[in-house]
file entry-v8.pdb (PDB, C-alpha atoms)
MODEL        1
ATOM      1  CA  MET A   1      95.208  98.230  76.007
ATOM      2  CA  THR A   2      98.652  98.365  74.393
ATOM      3  CA  ARG A   3     102.016  97.911  76.077
ATOM      4  CA  ASP A   4     102.679 101.644  75.967
ATOM      5  CA  ASP A   5      99.252 102.443  77.450
ATOM      6  CA  PHE A   6      99.865 100.090  80.345
ATOM      7  CA  LEU A   7     103.354 101.419  81.068
ATOM      8  CA  ARG A   8     102.201 105.028  80.789
ATOM      9  CA  ARG A   9      99.357 104.516  83.251
ATOM     10  CA  LEU A  10     101.695 102.656  85.582
ATOM     11  CA  ARG A  11     104.293 105.427  85.466
ATOM     12  CA  ALA A  12     101.662 108.126  85.963
ATOM     13  CA  GLY A  13     100.342 106.344  89.038
ATOM     14  CA  LEU A  14     103.767 105.874  90.577
ATOM     15  CA  ARG A  15     104.699 109.560  90.401
ATOM     16  CA  GLY A  16     106.129 110.744  93.691
ATOM     17  CA  LEU A  17     107.899 107.509  94.636
ATOM     18  CA  PRO A  18     111.732 107.471  94.536
ATOM     19  CA  ALA A  19     112.934 107.587  90.899
ATOM     20  CA  ALA A  20     115.049 104.434  91.288
ATOM     21  CA  ASP A  21     111.999 102.486  92.509
ATOM     22  CA  ILE A  22     109.883 103.696  89.595
ATOM     23  CA  ASP A  23     112.583 102.686  87.107
ATOM     24  CA  ASN A  24     112.868  99.232  88.689
ATOM     25  CA  ILE A  25     109.121  98.683  88.617
ATOM     26  CA  ILE A  26     108.767  99.865  85.021
ATOM     27  CA  ALA A  27     111.707  97.661  84.003
ATOM     28  CA  ASP A  28     109.967  94.639  85.562
ATOM     29  CA  TYR A  29     106.842  95.194  83.506
ATOM     30  CA  GLN A  30     108.826  95.962  80.342
ATOM     31  CA  ALA A  31     110.592  92.639  80.794
ATOM     32  CA  HIS A  32     107.216  90.983  81.299
ATOM     33  CA  PHE A  33     105.946  92.334  77.972
ATOM     34  CA  ALA A  34     109.174  91.242  76.266
ATOM     35  CA  GLU A  35     108.885  87.712  77.683
ATOM     36  CA  GLY A  36     105.242  87.537  76.687
ATOM     37  CA  ALA A  37     105.966  88.685  73.151
ATOM     38  CA  ALA A  38     108.760  86.109  72.883
ATOM     39  CA  ALA A  39     106.222  83.465  73.933
ATOM     40  CA  GLY A  40     103.974  84.545  71.058
ATOM     41  CA  ARG A  41     101.352  86.466  73.007
ATOM     42  CA  GLY A  42      99.898  89.724  71.734
ATOM     43  CA  GLU A  43     100.301  93.007  73.583
ATOM     44  CA  ALA A  44      96.606  93.293  74.445
ATOM     45  CA  GLU A  45      96.537  89.737  75.771
ATOM     46  CA  ILE A  46      99.556  90.303  78.003
ATOM     47  CA  ALA A  47      98.155  93.581  79.296
ATOM     48  CA  ALA A  48      94.809  91.958  80.071
ATOM     49  CA  ALA A  49      96.497  89.158  82.017
ATOM     50  CA  LEU A  50      98.548  91.683  83.976
ATOM     51  CA  GLY A  51      95.379  93.365  85.134
ATOM     52  CA  ASP A  52      94.470  96.922  85.849
ATOM     53  CA  PRO A  53      97.590  99.150  86.103
ATOM     54  CA  GLU A  54      95.876 101.365  88.684
ATOM     55  CA  ARG A  55      95.315  98.366  90.944
ATOM     56  CA  VAL A  56      98.999  97.411  90.632
ATOM     57  CA  VAL A  57      99.853 101.026  91.489
ATOM     58  CA  ARG A  58      97.666 100.963  94.602
ATOM     59  CA  GLU A  59      99.403  97.846  95.869
ATOM     60  CA  LEU A  60     102.891  99.180  95.161
ATOM     61  CA  ARG A  61     102.136 102.518  96.799
ATOM     62  CA  ALA A  62     100.470 100.935  99.796
ATOM     63  CA  GLU A  63     103.489  98.725 100.337
ATOM     64  CA  ALA A  64     105.807 101.726 100.059
ATOM     65  CA  GLY A  65     103.710 103.602 102.635
ATOM     66  CA  LEU A  66     103.625 100.704 105.103
ATOM     67  CA  LYS A  67     107.352 100.092 104.710
ATOM     68  CA  ARG A  68     108.083 103.720 105.512
ATOM     69  CA  TRP A  69     106.069 103.548 108.723
ATOM     70  CA  GLU A  70     107.966 100.424 109.776
ATOM     71  CA  ALA A  71     111.295 102.061 109.010
ATOM     72  CA  GLU A  72     110.763 105.510 110.500
ATOM     73  CA  ARG A  73     108.191 105.947 113.237
ATOM     74  CA  ASN A  74     107.304 109.595 112.792
ATOM     75  CA  PRO A  75     104.055 111.496 112.213
ATOM     76  CA  SER A  76     104.627 111.980 108.483
ATOM     77  CA  ALA A  77     105.289 108.250 107.954
ATOM     78  CA  ALA A  78     102.218 107.466 110.057
ATOM     79  CA  ALA A  79     100.102 109.694 107.844
ATOM     80  CA  SER A  80     101.417 108.044 104.693
ATOM     81  CA  ALA A  81     100.701 104.583 106.134
ATOM     82  CA  VAL A  82      97.145 105.561 107.010
ATOM     83  CA  PHE A  83      96.564 107.048 103.569
ATOM     84  CA  ALA A  84      98.123 104.012 101.909
ATOM     85  CA  VAL A  85      95.729 101.696 103.708
ATOM     86  CA  LEU A  86      92.783 103.927 102.889
ATOM     87  CA  GLY A  87      93.969 104.111  99.274
ATOM     88  CA  LEU A  88      93.758 100.349  99.021
ATOM     89  CA  GLY A  89      90.070 100.638  99.653
ATOM     90  CA  ALA A  90      90.660  97.899 102.194
ATOM     91  CA  ILE A  91      88.672  99.680 104.835
ATOM     92  CA  ASP A  92      85.312 101.238 104.402
ATOM     93  CA  VAL A  93      86.199 104.889 104.888
ATOM     94  CA  LEU A  94      82.679 105.818 105.932
ATOM     95  CA  ILE A  95      82.821 103.385 108.820
ATOM     96  CA  LEU A  96      86.411 103.994 109.752
ATOM     97  CA  LEU A  97      86.629 107.757 109.503
ATOM     98  CA  PRO A  98      84.298 108.638 112.421
ATOM     99  CA  ILE A  99      86.085 106.079 114.604
ATOM    100  CA  LEU A 100      89.512 107.364 113.607
ATOM    101  CA  LEU A 101      88.437 110.958 114.136
ATOM    102  CA  SER A 102      86.967 110.375 117.573
ATOM    103  CA  VAL A 103      89.889 108.241 118.762
ATOM    104  CA  GLY A 104      92.320 110.731 117.239
ATOM    105  CA  GLY A 105      90.461 113.617 118.863
ATOM    106  CA  THR A 106      90.539 111.950 122.264
ATOM    107  CA  LEU A 107      94.251 111.284 121.968
ATOM    108  CA  PHE A 108      94.814 114.863 120.882
ATOM    109  CA  GLY A 109      92.892 116.033 123.955
ATOM    110  CA  PHE A 110      95.142 113.935 126.180
ATOM    111  CA  PHE A 111      98.216 115.490 124.579
ATOM    112  CA  ILE A 112      96.885 119.004 125.140
ATOM    113  CA  ALA A 113      95.981 118.181 128.739
ATOM    114  CA  ALA A 114      99.449 116.742 129.287
ATOM    115  CA  VAL A 115     101.099 119.878 127.900
ATOM    116  CA  ALA A 116      98.927 122.135 130.085
ATOM    117  CA  CYS A 117      99.597 120.024 133.181
ATOM    118  CA  PHE A 118     103.320 120.102 132.480
ATOM    119  CA  ALA A 119     103.256 123.892 132.125
ATOM    120  CA  ALA A 120     101.307 124.251 135.381
ATOM    121  CA  GLY A 121     103.811 122.009 137.149
ATOM    122  CA  ALA A 122     106.714 123.997 135.762
ATOM    123  CA  VAL A 123     105.191 127.290 136.916
ATOM    124  CA  MET A 124     104.539 125.889 140.386
ATOM    125  CA  PHE A 125     108.084 124.542 140.538
ATOM    126  CA  ALA A 126     109.815 127.699 139.344
ATOM    127  CA  ALA A 127     107.595 130.561 140.503
ATOM    128  CA  GLY A 128     105.689 128.988 143.409
ATOM    129  CA  PRO A 129     108.213 129.686 146.164
ATOM    130  CA  PHE A 130     108.249 133.378 145.235
ATOM    131  CA  VAL A 131     104.527 133.907 144.678
ATOM    132  CA  VAL A 132     102.867 131.805 147.350
ATOM    133  CA  ILE A 133     103.920 133.220 150.648
ATOM    134  CA  GLY A 134     103.703 131.175 153.773
ATOM    135  CA  ALA A 135     103.612 127.727 152.126
ATOM    136  CA  PRO A 136     106.621 125.455 152.668
ATOM    137  CA  VAL A 137     109.011 125.765 149.711
ATOM    138  CA  ALA A 138     109.810 122.054 149.599
ATOM    139  CA  ALA A 139     106.116 121.142 149.236
ATOM    140  CA  LEU A 140     105.686 123.560 146.325
ATOM    141  CA  LEU A 141     108.801 122.233 144.576
ATOM    142  CA  LEU A 142     107.743 118.631 145.051
ATOM    143  CA  SER A 143     104.173 119.120 143.854
ATOM    144  CA  GLY A 144     105.499 121.033 140.829
ATOM    145  CA  LEU A 145     107.780 118.126 140.014
ATOM    146  CA  GLY A 146     104.947 115.672 140.581
ATOM    147  CA  LEU A 147     102.641 117.478 138.172
ATOM    148  CA  MET A 148     105.314 117.518 135.484
ATOM    149  CA  ALA A 149     106.016 113.817 135.960
ATOM    150  CA  ALA A 150     102.300 112.972 135.752
ATOM    151  CA  ALA A 151     101.964 115.044 132.566
ATOM    152  CA  ALA A 152     104.955 113.293 131.004
ATOM    153  CA  SER A 153     103.528 109.870 131.751
ATOM    154  CA  VAL A 154     100.116 110.782 130.301
ATOM    155  CA  ALA A 155     101.857 111.967 127.136
ATOM    156  CA  ALA A 156     103.918 108.764 126.997
ATOM    157  CA  VAL A 157     100.842 106.553 127.324
ATOM    158  CA  ALA A 158      98.994 108.563 124.650
ATOM    159  CA  THR A 159     101.999 108.168 122.331
ATOM    160  CA  LEU A 160     102.073 104.418 122.888
ATOM    161  CA  VAL A 161      98.353 104.157 122.173
ATOM    162  CA  THR A 162      98.785 106.184 118.972
ATOM    163  CA  ILE A 163     101.613 103.943 117.758
ATOM    164  CA  GLY A 164      99.594 100.856 118.623
ATOM    165  CA  LEU A 165      96.602 102.188 116.740
ATOM    166  CA  ILE A 166      98.596 102.826 113.577
ATOM    167  CA  ASN A 167     100.238  99.408 113.841
ATOM    168  CA  ALA A 168      96.801  97.826 114.078
ATOM    169  CA  LEU A 169      95.711  99.752 111.002
ATOM    170  CA  VAL A 170      98.799  98.606 109.087
ATOM    171  CA  TRP A 171      98.170  95.012 110.120
ATOM    172  CA  TYR A 172      94.576  95.311 108.987
ATOM    173  CA  GLY A 173      95.665  96.797 105.674
ATOM    174  CA  ARG A 174      98.158  93.987 105.053
ATOM    175  CA  LEU A 175      95.484  91.429 105.810
ATOM    176  CA  HIS A 176      93.233  92.969 103.257
ATOM    177  CA  MET A 177      95.696  93.717 100.520
ATOM    178  CA  ARG A 178      93.921  92.398  97.531
ATOM    179  CA  LEU A 179      96.984  91.000  95.865
ATOM    180  CA  LEU A 180      95.109  88.142  94.392
ATOM    181  CA  LYS A 181      92.037  89.640  92.888
ATOM    182  CA  PRO A 182      92.014  87.897  89.512
ATOM    183  CA  ALA A 183      93.070  90.275  86.780
ATOM    184  CA  LEU A 184      90.415  89.121  84.371
ATOM    185  CA  GLY A 185      86.819  89.915  85.085
ATOM    186  CA  GLN A 186      87.532  93.451  86.109
ATOM    187  CA  GLU A 187      85.530  96.176  84.505
ATOM    188  CA  GLU A 188      88.486  98.361  83.626
ATOM    189  CA  ILE A 189      90.168  95.662  81.553
ATOM    190  CA  SER A 190      87.671  95.786  78.742
ATOM    191  CA  ALA A 191      88.125  99.527  78.352
TER     192      ALA A 191
ATOM    193  CA  MET B   1      80.190  84.797  98.483
ATOM    194  CA  VAL B   2      82.091  81.900  96.971
ATOM    195  CA  GLU B   3      84.241  84.306  94.989
ATOM    196  CA  ALA B   4      85.033  86.397  98.070
ATOM    197  CA  VAL B   5      86.065  83.281  99.964
ATOM    198  CA  GLN B   6      88.317  82.250  97.092
ATOM    199  CA  VAL B   7      90.013  85.650  96.985
ATOM    200  CA  GLN B   8      90.646  85.540 100.733
ATOM    201  CA  LEU B   9      91.963  81.995 100.569
ATOM    202  CA  LYS B  10      94.318  82.716  97.692
ATOM    203  CA  LYS B  11      95.568  85.903  99.282
ATOM    204  CA  GLY B  12      96.665  84.004 102.334
ATOM    205  CA  VAL B  13      98.679  81.379 100.505
ATOM    206  CA  LEU B  14     100.194  83.436  97.682
ATOM    207  CA  GLU B  15     103.488  84.038  99.426
ATOM    208  CA  LEU B  16     103.644  80.399 100.447
ATOM    209  CA  CYS B  17     103.137  79.371  96.806
ATOM    210  CA  VAL B  18     105.960  81.626  95.608
ATOM    211  CA  LEU B  19     108.253  80.272  98.336
ATOM    212  CA  ALA B  20     107.363  76.733  97.267
ATOM    213  CA  LEU B  21     108.048  77.429  93.571
ATOM    214  CA  LEU B  22     111.418  78.977  94.379
ATOM    215  CA  SER B  23     112.343  76.149  96.736
ATOM    216  CA  ARG B  24     112.322  73.859  93.678
ATOM    217  CA  GLY B  25     114.633  76.139  91.746
ATOM    218  CA  ASP B  26     115.389  79.747  90.919
ATOM    219  CA  ALA B  27     112.975  81.394  88.524
ATOM    220  CA  TYR B  28     112.338  84.698  86.808
ATOM    221  CA  ALA B  29     109.189  86.685  87.446
ATOM    222  CA  TYR B  30     107.490  85.844  84.155
ATOM    223  CA  GLU B  31     107.754  82.133  84.971
ATOM    224  CA  ILE B  32     106.425  82.650  88.485
ATOM    225  CA  ALA B  33     103.551  84.786  87.213
ATOM    226  CA  GLY B  34     102.618  82.228  84.561
ATOM    227  CA  ARG B  35     102.799  79.363  87.017
ATOM    228  CA  LEU B  36     100.607  81.119  89.599
ATOM    229  CA  ALA B  37      98.157  82.443  86.999
ATOM    230  CA  LYS B  38      97.639  78.906  85.693
ATOM    231  CA  GLY B  39      97.586  77.193  89.080
ATOM    232  CA  ILE B  40      95.469  79.491  91.203
ATOM    233  CA  GLU B  41      94.109  81.992  88.685
ATOM    234  CA  MET B  42      95.677  85.132  89.984
ATOM    235  CA  GLY B  43      96.383  88.269  87.993
ATOM    236  CA  GLU B  44      99.899  88.128  86.548
ATOM    237  CA  GLY B  45     100.468  91.801  87.365
ATOM    238  CA  THR B  46     100.218  91.239  91.097
ATOM    239  CA  VAL B  47     103.278  89.011  91.218
ATOM    240  CA  TYR B  48     105.554  92.044  90.857
ATOM    241  CA  PRO B  49     104.328  93.931  93.951
ATOM    242  CA  LEU B  50     104.537  90.624  95.822
ATOM    243  CA  MET B  51     108.107  89.924  94.679
ATOM    244  CA  ARG B  52     109.153  93.442  95.672
ATOM    245  CA  ARG B  53     107.676  92.957  99.110
ATOM    246  CA  MET B  54     109.315  89.570  99.572
ATOM    247  CA  GLN B  55     112.644  91.021  98.501
ATOM    248  CA  ALA B  56     112.241  93.930 100.926
ATOM    249  CA  ASP B  57     111.439  91.399 103.666
ATOM    250  CA  GLY B  58     114.654  89.535 102.838
ATOM    251  CA  LEU B  59     112.905  86.328 101.754
ATOM    252  CA  VAL B  60     114.240  86.371  98.202
ATOM    253  CA  ASP B  61     117.252  87.758  96.385
ATOM    254  CA  THR B  62     117.796  88.561  92.718
ATOM    255  CA  TYR B  63     120.578  88.076  90.215
ATOM    256  CA  LEU B  64     120.839  88.772  86.491
ATOM    257  CA  VAL B  65     121.445  86.091  83.887
ATOM    258  CA  GLU B  66     122.508  86.977  80.357
ATOM    259  CA  SER B  67     120.058  85.665  77.810
ATOM    260  CA  SER B  68     121.105  84.633  74.320
ATOM    261  CA  ALA B  69     117.964  86.242  72.918
ATOM    262  CA  GLY B  70     116.889  89.587  74.281
ATOM    263  CA  PRO B  71     117.881  91.399  77.483
ATOM    264  CA  SER B  72     119.212  89.678  80.610
ATOM    265  CA  ARG B  73     116.691  88.087  82.943
ATOM    266  CA  LYS B  74     116.249  88.877  86.615
ATOM    267  CA  TYR B  75     116.160  85.600  88.535
ATOM    268  CA  TYR B  76     114.784  85.207  92.034
ATOM    269  CA  LYS B  77     116.249  82.782  94.565
ATOM    270  CA  LEU B  78     115.386  81.988  98.157
ATOM    271  CA  THR B  79     117.580  83.415 100.894
ATOM    272  CA  ALA B  80     118.303  81.504 104.096
ATOM    273  CA  VAL B  81     115.528  83.516 105.734
ATOM    274  CA  GLY B  82     113.215  82.595 102.852
ATOM    275  CA  ARG B  83     113.980  78.878 103.219
ATOM    276  CA  ALA B  84     113.336  79.004 106.957
ATOM    277  CA  SER B  85     110.100  80.916 106.387
ATOM    278  CA  PHE B  86     109.002  78.368 103.780
ATOM    279  CA  ALA B  87     109.618  75.445 106.147
ATOM    280  CA  ALA B  88     107.692  77.135 108.947
ATOM    281  CA  GLN B  89     104.762  78.219 106.748
ATOM    282  CA  LYS B  90     104.548  74.825 105.087
ATOM    283  CA  THR B  91     104.257  73.056 108.431
ATOM    284  CA  GLU B  92     101.636  75.538 109.543
ATOM    285  CA  TRP B  93      99.683  75.171 106.324
ATOM    286  CA  SER B  94      99.721  71.363 106.480
ATOM    287  CA  ALA B  95      98.418  71.332 110.029
ATOM    288  CA  PHE B  96      95.794  73.957 109.237
ATOM    289  CA  SER B  97      94.509  72.351 106.037
ATOM    290  CA  ALA B  98      94.410  68.921 107.703
ATOM    291  CA  ALA B  99      92.316  70.357 110.518
ATOM    292  CA  VAL B 100      89.944  72.095 108.075
ATOM    293  CA  ASN B 101      89.588  68.948 105.985
ATOM    294  CA  ASP B 102      88.860  67.013 109.109
ATOM    295  CA  ILE B 103      86.050  69.375 110.031
ATOM    296  CA  LEU B 104      84.685  69.495 106.473
ATOM    297  CA  GLY B 105      84.703  65.708 106.292
ATOM    298  CA  GLY B 106      82.857  65.501 109.587
ATOM    299  CA  ALA B 107      80.155  67.866 108.305
ATOM    300  CA  GLN B 108      79.012  65.521 105.558
TER     301      GLN B 108
ENDMDL
END

call {"tool": "encode", "arguments": {"input": "entry-v8.pdb", "output": "structure tokens"}}
result
Amino acid sequence: MTRDDFLRRLRAGLRGLPAADIDNIIADYQAHFAEGAAAGRGEAEIAAALGDPERVVRELRAEAGLKRWEAERNPSAAASAVFAVLGLGAIDVLILLPILLSVGGTLFGFFIAAVACFAAGAVMFAAGPFVVIGAPVAALLLSGLGLMAAAASVAAVATLVTIGLINALVWYGRLHMRLLKPALGQEEISA
Amino acid sequence: MVEAVQVQLKKGVLELCVLALLSRGDAYAYEIAGRLAKGIEMGEGTVYPLMRRMQADGLVDTYLVESSAGPSRKYYKLTAVGRASFAAQKTEWSAFSAAVNDILGGAQ
């Protein structure tokens, strides 16, 4: 692999990251090739020692995804963190996916239940005194409020569990980041 | 099996090794990569993602130095946070490796 091949594959893999980050990363590897050439090494030798550009890309992208989740706790950042970890191949997707889906489904169910409960509470609170005749107004108001409060706390707990789950996944991904896999001895290098 | 163990072991101490190298003096990435590749046989390409992460974590900082031949070099130096992290990790590593050696020695 030549210097230009390596840099082209690197750049292709990094597409979608902020332009300034891509430029910085490419500049790092350009400098590496320049230093290597100054030390009398050939392009192919330097590229082989650097390792597979796609592997470097996976690590850089994974790190970018995890960083985003740490910086901004929102659903889109959570999705990118999960995909980054999966992209690393750190977790066996076949094992993880059913677990993630069932846990995710359960959490989703809790959210839906919380929303429905909240709506029921709101209706009881607002419309109850007019619709149900004969019942004490204060009791209707209070049970409406109570339902809404219970729904809000279920939603809060489900949110906390979701955040905890994604944090655990990020931790697991970090643990398994294969930063050190020796560059040589990988099948793609010989190609 | 042996190879997998080695990869796991190296992964855990890579950051510590970079902190240790930089604690002896500022260096540019090519030097760090060469030093680590020779010492613990890691791919040179992986030093760059690692350095980016350490910089994002505030452990290291960079500055440019004009070079007489070729473009200017980006040097890495430890920050105060990086020095503190190195001291803490080094202590932890020493205690851990002593304990492991103790157990390994007892197994023979």

call {"tool": "residues_around", "arguments": {"input": "entry-v8.pdb", "residues": "Leu147 in chain A", "least_positions_apart": "3", "cutoff": "7 Å", "atoms": "all atoms listed in the file", "output": "list in words"}}
result
Cys117, Phe118, Gly121, Ser143, Gly144, Ala150 and Ala151 of chain A

call {"tool": "atom_distance", "arguments": {"input": "entry-v8.pdb", "atom1": "CA of Ala56 in chain B", "atom2": "CA of Ile40 in chain B"}}
result
24.2 Å

call {"tool": "residues_near_point", "arguments": {"input": "entry-v8.pdb", "point": "(97.0, 104.0, 115.8)", "cutoff": "10 Å", "atoms": "only C-alpha atoms", "output": "ChimeraX atom specification"}}
result
/A:78,82,100,103-104,107,159-170

call {"tool": "resolve_selection", "arguments": {"input": "entry-v8.pdb", "expression": "the PyMOL selection byres ((chain A and resi 29) around 12)", "output": "short mmCIF file (atom, residue, chain, number, x, y, z; two decimals) with C-alpha atoms, in the frame of the given file"}}
result
data_model
loop_
_atom_site.label_atom_id
_atom_site.label_comp_id
_atom_site.auth_asym_id
_atom_site.auth_seq_id
_atom_site.Cartn_x
_atom_site.Cartn_y
_atom_site.Cartn_z
CA ARG A 3 102.02 97.91 76.08
CA ASP A 4 102.68 101.64 75.97
CA PHE A 6 99.86 100.09 80.34
CA LEU A 7 103.35 101.42 81.07
CA ARG A 8 102.20 105.03 80.79
CA ARG A 9 99.36 104.52 83.25
CA LEU A 10 101.70 102.66 85.58
CA ARG A 11 104.29 105.43 85.47
CA ILE A 22 109.88 103.70 89.60
CA ASP A 23 112.58 102.69 87.11
CA ASN A 24 112.87 99.23 88.69
CA ILE A 25 109.12 98.68 88.62
CA ILE A 26 108.77 99.86 85.02
CA ALA A 27 111.71 97.66 84.00
CA ASP A 28 109.97 94.64 85.56
CA GLN A 30 108.83 95.96 80.34
CA ALA A 31 110.59 92.64 80.79
CA HIS A 32 107.22 90.98 81.30
CA PHE A 33 105.95 92.33 77.97
CA ALA A 34 109.17 91.24 76.27
CA GLU A 35 108.88 87.71 77.68
CA GLY A 36 105.24 87.54 76.69
CA ILE A 46 99.56 90.30 78.00
CA ALA A 47 98.16 93.58 79.30
CA LEU A 50 98.55 91.68 83.98
CA GLY A 51 95.38 93.36 85.13
CA PRO A 53 97.59 99.15 86.10
CA VAL A 56 99.00 97.41 90.63
CA ALA B 29 109.19 86.68 87.45
CA TYR B 30 107.49 85.84 84.16
CA ALA B 33 103.55 84.79 87.21
CA GLU B 44 99.90 88.13 86.55
CA GLY B 45 100.47 91.80 87.36
CA THR B 46 100.22 91.24 91.10
CA VAL B 47 103.28 89.01 91.22
CA TYR B 48 105.55 92.04 90.86
CA PRO B 49 104.33 93.93 93.95
CA LYS B 74 116.25 88.88 86.62
#

call {"tool": "atom_distance", "arguments": {"input": "entry-v8.pdb", "atom1": "CA of Val60 in chain B", "atom2": "CA of Asp26 in chain B"}}
result
9.9 Å

call {"tool": "closest_residue", "arguments": {"input": "entry-v8.pdb", "among": "A:Gly109, A:Ala156, A:Ser102, A:Leu66", "to": "chain B", "atoms": "all atoms listed in the file"}}
result
A:Leu66

call {"tool": "closest_residue", "arguments": {"input": "entry-v8.pdb", "among": "B:Glu15, B:Phe96, B:Pro71, B:Gly106", "to": "Arg53 in chain B", "atoms": "only C-alpha atoms"}}
result
B:Glu15

call {"tool": "axis_aligned_box", "arguments": {"input": "entry-v8.pdb", "around": "range 106-123 of chain A", "padding_each_side": "6 Å", "output": "lines of an AutoDock Vina configuration file"}}
result
center_x = 98.6
center_y = 119.3
center_z = 129.0
size_x = 28.2
size_y = 28.0
size_z = 28.3

call {"tool": "atom_distance", "arguments": {"input": "entry-v8.pdb", "atom1": "CA of Glu54 in chain A", "atom2": "CA of Arg15 in chain A"}}
result
12.2 Å

call {"tool": "closest_residue", "arguments": {"input": "entry-v8.pdb", "among": "B:Ala95, B:Gln55, B:Arg73, B:Cys17", "to": "chain A", "atoms": "all atoms listed in the file"}}
result
B:Arg73

call {"tool": "resolve_selection", "arguments": {"input": "entry-v8.pdb", "expression": "the PyMOL selection byres ((chain B and resi 58) around 12)", "output": "list in words"}}
result
Met51, Arg52, Arg53, Met54, Gln55, Ala56, Asp57, Leu59, Val60, Asp61, Thr62, Tyr76, Lys77, Leu78, Thr79, Ala80, Val81, Gly82, Arg83, Ala84 and Ser85 of chain B

call {"tool": "closest_residue", "arguments": {"input": "entry-v8.pdb", "among": "A:Ala64, A:Ala20, A:Val157, A:Leu14", "to": "chain B", "atoms": "all atoms listed in the file"}}
result
A:Ala64

call {"tool": "closest_residue", "arguments": {"input": "entry-v8.pdb", "among": "A:Ala38, A:Leu140, A:Leu101, A:Ala149", "to": "chain B", "atoms": "all atoms listed in the file"}}
result
A:Ala38

call {"tool": "closest_residue", "arguments": {"input": "entry-v8.pdb", "among": "B:Val65, B:Met42, B:Ala98, B:Ala87", "to": "chain A", "atoms": "only C-alpha atoms"}}
result
B:Met42

call {"tool": "resolve_selection", "arguments": {"input": "entry-v8.pdb", "expression": "the PyMOL selection byres ((chain A and resi 63) around 9)", "output": "short mmCIF file (atom, residue, chain, number, x, y, z; two decimals) with C-alpha atoms, in the frame of the given file"}}
result
data_model
loop_
_atom_site.label_atom_id
_atom_site.label_comp_id
_atom_site.auth_asym_id
_atom_site.auth_seq_id
_atom_site.Cartn_x
_atom_site.Cartn_y
_atom_site.Cartn_z
CA ARG A 58 97.67 100.96 94.60
CA GLU A 59 99.40 97.85 95.87
CA LEU A 60 102.89 99.18 95.16
CA ARG A 61 102.14 102.52 96.80
CA ALA A 62 100.47 100.94 99.80
CA ALA A 64 105.81 101.73 100.06
CA GLY A 65 103.71 103.60 102.64
CA LEU A 66 103.62 100.70 105.10
CA LYS A 67 107.35 100.09 104.71
CA ARG A 68 108.08 103.72 105.51
CA ALA A 81 100.70 104.58 106.13
CA ALA A 84 98.12 104.01 101.91
CA VAL A 85 95.73 101.70 103.71
CA ARG A 174 98.16 93.99 105.05
CA PRO B 49 104.33 93.93 93.95
CA ARG B 53 107.68 92.96 99.11
#

call {"tool": "decode", "arguments": {"input": "entry-v8.pdb", "residues": "range 111-123 of chain A", "atoms": "N, CA and C atoms", "output": "short mmCIF file (atom, residue, chain, number, x, y, z; two decimals), in the first residue's frame"}}
result
data_model
loop_
_atom_site.label_atom_id
_atom_site.label_comp_id
_atom_site.auth_asym_id
_atom_site.auth_seq_id
_atom_site.Cartn_x
_atom_site.Cartn_y
_atom_site.Cartn_z
N PHE A 111 -42.40 3.57 29.11
CA PHE A 111 -42.65 4.96 28.69
C PHE A 111 -44.09 5.14 28.23
N ILE A 112 -44.54 4.20 27.39
CA ILE A 112 -45.91 4.28 26.87
C ILE A 112 -46.91 4.24 28.03
N ALA A 113 -46.68 3.29 28.95
CA ALA A 113 -47.57 3.16 30.10
C ALA A 113 -47.59 4.46 30.90
N ALA A 114 -46.41 5.06 31.07
CA ALA A 114 -46.33 6.29 31.84
C ALA A 114 -47.13 7.40 31.17
N VAL A 115 -46.99 7.48 29.82
CA VAL A 115 -47.72 8.52 29.09
C VAL A 115 -49.23 8.31 29.25
N ALA A 116 -49.68 7.05 29.10
CA ALA A 116 -51.10 6.75 29.20
C ALA A 116 -51.63 7.07 30.59
N CYS A 117 -50.88 6.68 31.61
CA CYS A 117 -51.24 6.94 33.00
C CYS A 117 -51.39 8.44 33.24
N PHE A 118 -50.40 9.18 32.70
CA PHE A 118 -50.39 10.63 32.88
C PHE A 118 -51.65 11.24 32.25
N ALA A 119 -51.97 10.76 31.04
CA ALA A 119 -53.15 11.27 30.34
C ALA A 119 -54.41 10.96 31.15
N ALA A 120 -54.50 9.73 31.67
CA ALA A 120 -55.67 9.35 32.45
C ALA A 120 -55.80 10.25 33.68
N GLY A 121 -54.66 10.49 34.33
CA GLY A 121 -54.66 11.35 35.52
C GLY A 121 -55.13 12.76 35.17
N ALA A 122 -54.64 13.24 34.03
CA ALA A 122 -54.99 14.60 33.61
C ALA A 122 -56.49 14.72 33.34
N VAL A 123 -57.04 13.67 32.67
CA VAL A 123 -58.47 13.68 32.37
C VAL A 123 -59.26 13.68 33.68
#
